[in-house]
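Structure data follow from data_16.pdb (PDB, C-alpha atoms):
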ATOM      1  CA  MET A   1      55.806  -2.944 -13.413
ATOM      2  CA  ASN A   2      56.525   0.770 -13.684
ATOM      3  CA  PRO A   3      55.216   2.522 -10.481
ATOM      4  CA  ALA A   4      53.995   5.570 -12.457
ATOM      5  CA  ARG A   5      52.040   3.325 -14.824
ATOM      6  CA  HIS A   6      50.538   1.411 -11.850
ATOM      7  CA  ILE A   7      49.281   4.678 -10.273
ATOM      8  CA  THR A   8      47.889   5.881 -13.617
ATOM      9  CA  SER A   9      45.898   2.654 -14.101
ATOM     10  CA  ARG A  10      44.523   2.849 -10.521
ATOM     11  CA  VAL A  11      43.474   6.478 -11.070
ATOM     12  CA  GLY A  12      41.805   5.461 -14.329
ATOM     13  CA  LEU A  13      39.863   2.693 -12.578
ATOM     14  CA  LEU A  14      38.847   5.085  -9.824
ATOM     15  CA  LEU A  15      37.612   7.660 -12.355
ATOM     16  CA  ALA A  16      35.675   4.975 -14.233
ATOM     17  CA  ALA A  17      34.009   3.859 -10.986
ATOM     18  CA  LEU A  18      33.058   7.459 -10.176
ATOM     19  CA  VAL A  19      31.537   7.962 -13.645
ATOM     20  CA  VAL A  20      29.497   4.747 -13.373
ATOM     21  CA  SER A  21      28.219   5.604  -9.886
ATOM     22  CA  SER A  22      27.332   9.144 -11.024
ATOM     23  CA  LEU A  23      25.368   7.780 -13.971
ATOM     24  CA  ALA A  24      23.549   5.311 -11.722
ATOM     25  CA  ALA A  25      22.628   8.105  -9.306
ATOM     26  CA  GLY A  26      21.322  10.159 -12.231
ATOM     27  CA  CYS A  27      18.996   7.310 -13.219
ATOM     28  CA  SER A  28      17.464   6.936  -9.772
ATOM     29  CA  PRO A  29      14.260   8.799  -8.870
ATOM     30  CA  GLY A  30      16.282  11.118  -6.596
ATOM     31  CA  GLY A  31      14.106  13.799  -5.001
ATOM     32  CA  ASP A  32      10.979  12.704  -6.876
ATOM     33  CA  THR A  33      10.153   9.710  -4.700
ATOM     34  CA  ALA A  34       7.315   8.360  -2.627
ATOM     35  CA  GLU A  35       7.914   7.533   1.027
ATOM     36  CA  ILE A  36       4.941   5.528   2.218
ATOM     37  CA  VAL A  37       4.092   5.158   5.915
ATOM     38  CA  VAL A  38       1.143   3.036   7.091
ATOM     39  CA  THR A  39      -0.342   3.671  10.548
ATOM     40  CA  ASP A  40      -3.349   2.624  12.619
ATOM     41  CA  ALA A  41      -3.926  -0.599  10.680
ATOM     42  CA  TRP A  42      -6.648  -2.904  11.980
ATOM     43  CA  ALA A  43      -9.090  -5.519  10.719
ATOM     44  CA  ARG A  44     -12.634  -6.029  11.890
ATOM     45  CA  PRO A  45     -13.466  -9.435  13.428
ATOM     46  CA  SER A  46     -15.560 -11.585  11.114
ATOM     47  CA  PRO A  47     -18.610 -13.558  12.160
ATOM     48  CA  ALA A  48     -18.032 -17.323  12.205
ATOM     49  CA  MET A  49     -18.036 -18.799   8.717
ATOM     50  CA  ALA A  50     -18.063 -15.344   7.049
ATOM     51  CA  SER A  51     -16.614 -15.327   3.558
ATOM     52  CA  ALA A  52     -15.333 -11.734   3.652
ATOM     53  CA  GLY A  53     -13.688  -9.266   5.995
ATOM     54  CA  ALA A  54     -12.236  -5.770   5.922
ATOM     55  CA  ALA A  55      -9.085  -3.974   7.029
ATOM     56  CA  TYR A  56      -8.531  -0.269   7.609
ATOM     57  CA  MET A  57      -5.509   2.019   7.988
ATOM     58  CA  THR A  58      -4.065   5.417   7.229
ATOM     59  CA  ILE A  59      -1.567   5.644   4.381
ATOM     60  CA  ARG A  60       0.708   8.683   4.390
ATOM     61  CA  ASN A  61       3.002   9.700   1.548
ATOM     62  CA  ASN A  62       5.932  11.687   2.977
ATOM     63  CA  GLY A  63       7.566  11.861  -0.443
ATOM     64  CA  THR A  64       7.576  14.494  -3.140
ATOM     65  CA  ALA A  65       5.769  12.422  -5.771
ATOM     66  CA  THR A  66       2.209  11.145  -5.846
ATOM     67  CA  ASP A  67       1.990   7.370  -5.464
ATOM     68  CA  ALA A  68      -0.961   5.015  -5.697
ATOM     69  CA  LEU A  69      -2.141   1.869  -3.947
ATOM     70  CA  VAL A  70      -2.702  -0.542  -6.834
ATOM     71  CA  GLY A  71      -3.181  -3.883  -5.120
ATOM     72  CA  ALA A  72      -3.010  -5.999  -1.990
ATOM     73  CA  SER A  73      -2.682  -9.619  -0.928
ATOM     74  CA  SER A  74      -2.945 -11.681   2.235
ATOM     75  CA  PRO A  75      -2.539 -15.333   3.164
ATOM     76  CA  ALA A  76      -5.785 -14.901   5.163
ATOM     77  CA  ALA A  77      -7.935 -14.539   2.017
ATOM     78  CA  THR A  78      -8.214 -15.903  -1.505
ATOM     79  CA  THR A  79      -8.641 -12.428  -3.018
ATOM     80  CA  VAL A  80      -7.754  -9.013  -1.603
ATOM     81  CA  GLU A  81      -9.007  -5.807  -3.209
ATOM     82  CA  VAL A  82      -9.080  -2.116  -2.456
ATOM     83  CA  HIS A  83     -12.762  -1.130  -2.197
ATOM     84  CA  GLU A  84     -14.791   2.021  -1.836
ATOM     85  CA  THR A  85     -18.194   2.265  -0.165
ATOM     86  CA  VAL A  86     -20.650   4.049  -2.449
ATOM     87  CA  VAL A  87     -24.338   4.905  -2.642
ATOM     88  CA  MET A  88     -25.882   2.730  -5.341
ATOM     89  CA  GLY A  89     -29.028   3.605  -7.242
ATOM     90  CA  SER A  90     -31.625   6.085  -6.182
ATOM     91  CA  PRO A  91     -33.826   6.103  -3.076
ATOM     92  CA  ALA A  92     -37.138   4.318  -3.132
ATOM     93  CA  PRO A  93     -40.091   6.533  -4.075
ATOM     94  CA  GLY A  94     -41.213   8.539  -1.054
ATOM     95  CA  ALA A  95     -38.083   7.659   0.948
ATOM     96  CA  SER A  96     -36.106  10.377   2.621
ATOM     97  CA  GLY A  97     -32.347  10.617   2.272
ATOM     98  CA  ASP A  98     -29.938  11.516  -0.449
ATOM     99  CA  GLY A  99     -29.378   8.175  -2.082
ATOM    100  CA  GLY A 100     -30.143   4.539  -2.454
ATOM    101  CA  MET A 101     -28.589   1.499  -0.923
ATOM    102  CA  MET A 102     -24.967   1.433   0.223
ATOM    103  CA  GLY A 103     -22.677  -0.853  -1.709
ATOM    104  CA  MET A 104     -19.011  -1.441  -2.441
ATOM    105  CA  GLN A 105     -16.967  -1.343  -5.582
ATOM    106  CA  PRO A 106     -13.336  -2.238  -6.327
ATOM    107  CA  VAL A 107     -10.854   0.589  -6.850
ATOM    108  CA  LYS A 108      -8.034  -0.182  -9.289
ATOM    109  CA  ARG A 109      -5.850   2.763  -8.229
ATOM    110  CA  LEU A 110      -6.095   4.744  -4.980
ATOM    111  CA  GLU A 111      -3.961   7.858  -5.290
ATOM    112  CA  ILE A 112      -1.885   8.934  -2.283
ATOM    113  CA  PRO A 113      -0.848  12.567  -2.898
ATOM    114  CA  ALA A 114       2.695  13.746  -2.217
ATOM    115  CA  GLY A 115       2.810  15.111   1.321
ATOM    116  CA  GLY A 116      -0.734  13.866   1.952
ATOM    117  CA  SER A 117      -2.586  10.887   3.341
ATOM    118  CA  VAL A 118      -5.647   8.753   2.707
ATOM    119  CA  GLU A 119      -7.628   7.149   5.510
ATOM    120  CA  LEU A 120      -9.130   3.731   4.852
ATOM    121  CA  LYS A 121     -12.063   3.507   7.280
ATOM    122  CA  PRO A 122     -15.526   1.976   7.640
ATOM    123  CA  GLY A 123     -17.965   3.554   5.171
ATOM    124  CA  SER A 124     -15.152   4.719   2.878
ATOM    125  CA  TYR A 125     -12.079   3.160   1.286
ATOM    126  CA  HIS A 126     -10.990  -0.160   2.796
ATOM    127  CA  ILE A 127      -9.098  -3.368   2.080
ATOM    128  CA  MET A 128     -11.623  -6.100   1.265
ATOM    129  CA  LEU A 129     -10.593  -9.641   2.187
ATOM    130  CA  ILE A 130     -12.633 -11.998   0.002
ATOM    131  CA  GLY A 131     -12.758 -15.758   0.494
ATOM    132  CA  LEU A 132     -11.447 -15.795   4.048
ATOM    133  CA  LYS A 133      -9.324 -18.831   4.814
ATOM    134  CA  GLN A 134      -9.813 -18.334   8.556
ATOM    135  CA  ASP A 135     -12.151 -16.464  10.870
ATOM    136  CA  LEU A 136     -10.819 -13.052  11.845
ATOM    137  CA  LYS A 137     -10.791 -13.191  15.647
ATOM    138  CA  ALA A 138     -10.161 -10.244  17.972
ATOM    139  CA  GLY A 139      -6.699 -10.446  19.501
ATOM    140  CA  GLU A 140      -5.135 -12.185  16.485
ATOM    141  CA  THR A 141      -3.169 -10.625  13.640
ATOM    142  CA  ILE A 142      -3.173 -11.145   9.895
ATOM    143  CA  GLU A 143      -0.524 -10.308   7.339
ATOM    144  CA  ILE A 144      -1.383  -7.964   4.476
ATOM    145  CA  THR A 145       0.918  -6.855   1.676
ATOM    146  CA  LEU A 146       0.062  -3.585  -0.047
ATOM    147  CA  THR A 147       1.378  -2.891  -3.544
ATOM    148  CA  PHE A 148       2.133   0.690  -4.555
ATOM    149  CA  GLU A 149       2.809   2.006  -8.035
ATOM    150  CA  LYS A 150       6.163   3.576  -7.074
ATOM    151  CA  ALA A 151       7.036   2.392  -3.565
ATOM    152  CA  GLY A 152       6.509  -1.294  -4.413
ATOM    153  CA  GLU A 153       5.354  -3.811  -1.819
ATOM    154  CA  PHE A 154       4.762  -2.946   1.820
ATOM    155  CA  SER A 155       4.023  -5.829   4.239
ATOM    156  CA  LEU A 156       2.395  -5.317   7.605
ATOM    157  CA  SER A 157       0.932  -7.247  10.513
ATOM    158  CA  VAL A 158      -2.639  -6.114  11.105
ATOM    159  CA  PRO A 159      -4.306  -6.649  14.481
ATOM    160  CA  VAL A 160      -7.894  -7.865  14.469
ATOM    161  CA  LYS A 161      -9.976  -5.785  16.885
ATOM    162  CA  GLU A 162     -13.415  -4.368  17.443
ATOM    163  CA  GLY A 163     -13.907  -1.041  15.645
TER     164      GLY A 163
END
Please express what this file holds, its structure, as structure tokens.
Amino acid sequence: MNPARHITSRVGLLLAALVVSSLAAGCSPGGDTAEIVVTDAWARPSPAMASAGAAYMTIRNNGTATDALVGASSPAATTVEVHETVVMGSPAPGASGDGGMMGMQPVKRLEIPAGGSVELKPGSYHIMLIGLKQDLKAGETIEITLTFEKAGEFSLSVPVKEG
């Protein structure tokens, strides 16, 4: 084989590889990404034979794009949902206060702003564990997987402790 031709074909292959890698980099989200960090995760112990439990945490988005928590799962429960505590209905006639009874409702999409955070805490947003497969006992841990719109799945071990 002609040495000049061999060098030319290697240079051609190298250039082709550079073009392909440049195109791939151009298709990636680049600077417009979400970087999710979960801290202070914990679950509340459940009374014996309880069918539901709750987990709490702070979700921080260190990225430059808004992301959203869109789902969750856990081997500790049949169903796992993101919930929000809300005031339901109006107060009873003659009752003081600004609202009716407290209740919970599922949230399909919990936005985590770029550079911001959302705290999941008692009386607010939380992870609802429905159809518990085991009692949640202080000192134990459960696994929860959070699903984000952009960041994908994020698995964590959550300690069960008194709040």
So what does the PyMOL selection byres ((chain A and resi 117) around 10) actually pick up in this one, as a PyMOL selection string?
chain A and resi 36-38+58-62+111-116+118-120
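The coordinates place CA of Lys150 in chain A at 28.1 Å from CA of Gly131 in chain A.
Our summary of the geometry notes that CA of Leu129 in chain A is positioned 10.8 Å from CA of Ile142 in chain A.
Among the candidates A:Pro106, A:Ala55, A:Ala50, A:Ala41, the residue lying nearest to His126 in chain A is A:Ala55 (atoms considered: only C-alpha atoms).
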So how far away is CA of Met57 in chain A from CA of Tyr125 in chain A, in Å?
9.5 Å
Would you kindly return, as a count of residues only, each protein, DNA or RNA residue with an atom no farther than 10 Å from any atom of Gly71 in chain A, considering all atoms listed in the file and excluding same-chain residues fewer than 2 positions away?
17
Starting from 3 Å padding per side, set up an axis-aligned box that covers all listed atoms of range 34-45 of chain A and hand over centre and edge lengths in Å, one decimal, as lines of an AutoDock Vina configuration file.
center_x = -2.8
center_y = -0.5
center_z = 5.4
size_x = 27.4
size_y = 23.8
size_z = 22.1
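Closest approach to Ala65 in chain A from the set A:Ile130, A:Val87, A:Ala151, A:Val160 is made by A:Ala151, with distances taken over only C-alpha atoms.
Here the question is which of A:Met49, A:Met88, A:Ile144, A:Leu136 gets nearest to Gln105 in chain A using only C-alpha atoms, and that residue is A:Met88.
Compared by their closest atoms to Lys121 in chain A, and using only C-alpha atoms, the residues A:Ser74, A:Ser46, A:Thr85, A:Thr79 rank with A:Thr85 nearest.
Nearest residue to Val86 in chain A, choosing from A:Ser51, A:Thr66, A:Gly123, A:Lys133 and counting all atoms listed in the file: A:Gly123.
Residues within 12 Å of Lys137 in chain A, counting only C-alpha atoms and excluding same-chain residues fewer than 5 positions away, are Trp42, Ala43, Arg44, Pro45, Ser46, Pro47, Ala48, Met49, Ala50, Gly53, Ala76, Leu132, Ile142, Val158, Pro159, Val160, Lys161 and Glu162 of chain A.
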Do you know which residues the PyMOL selection byres ((chain A and resi 156) around 6) returns on this file, as an NGL selection string?
:A and (143-144 or 155 or 157)
In terms of the shortest atom-to-atom distance over all atoms listed in the file, which of A:Gly163, A:Gln134, A:Met101, A:Tyr56 is closest to Pro75 in chain A?
A:Gln134
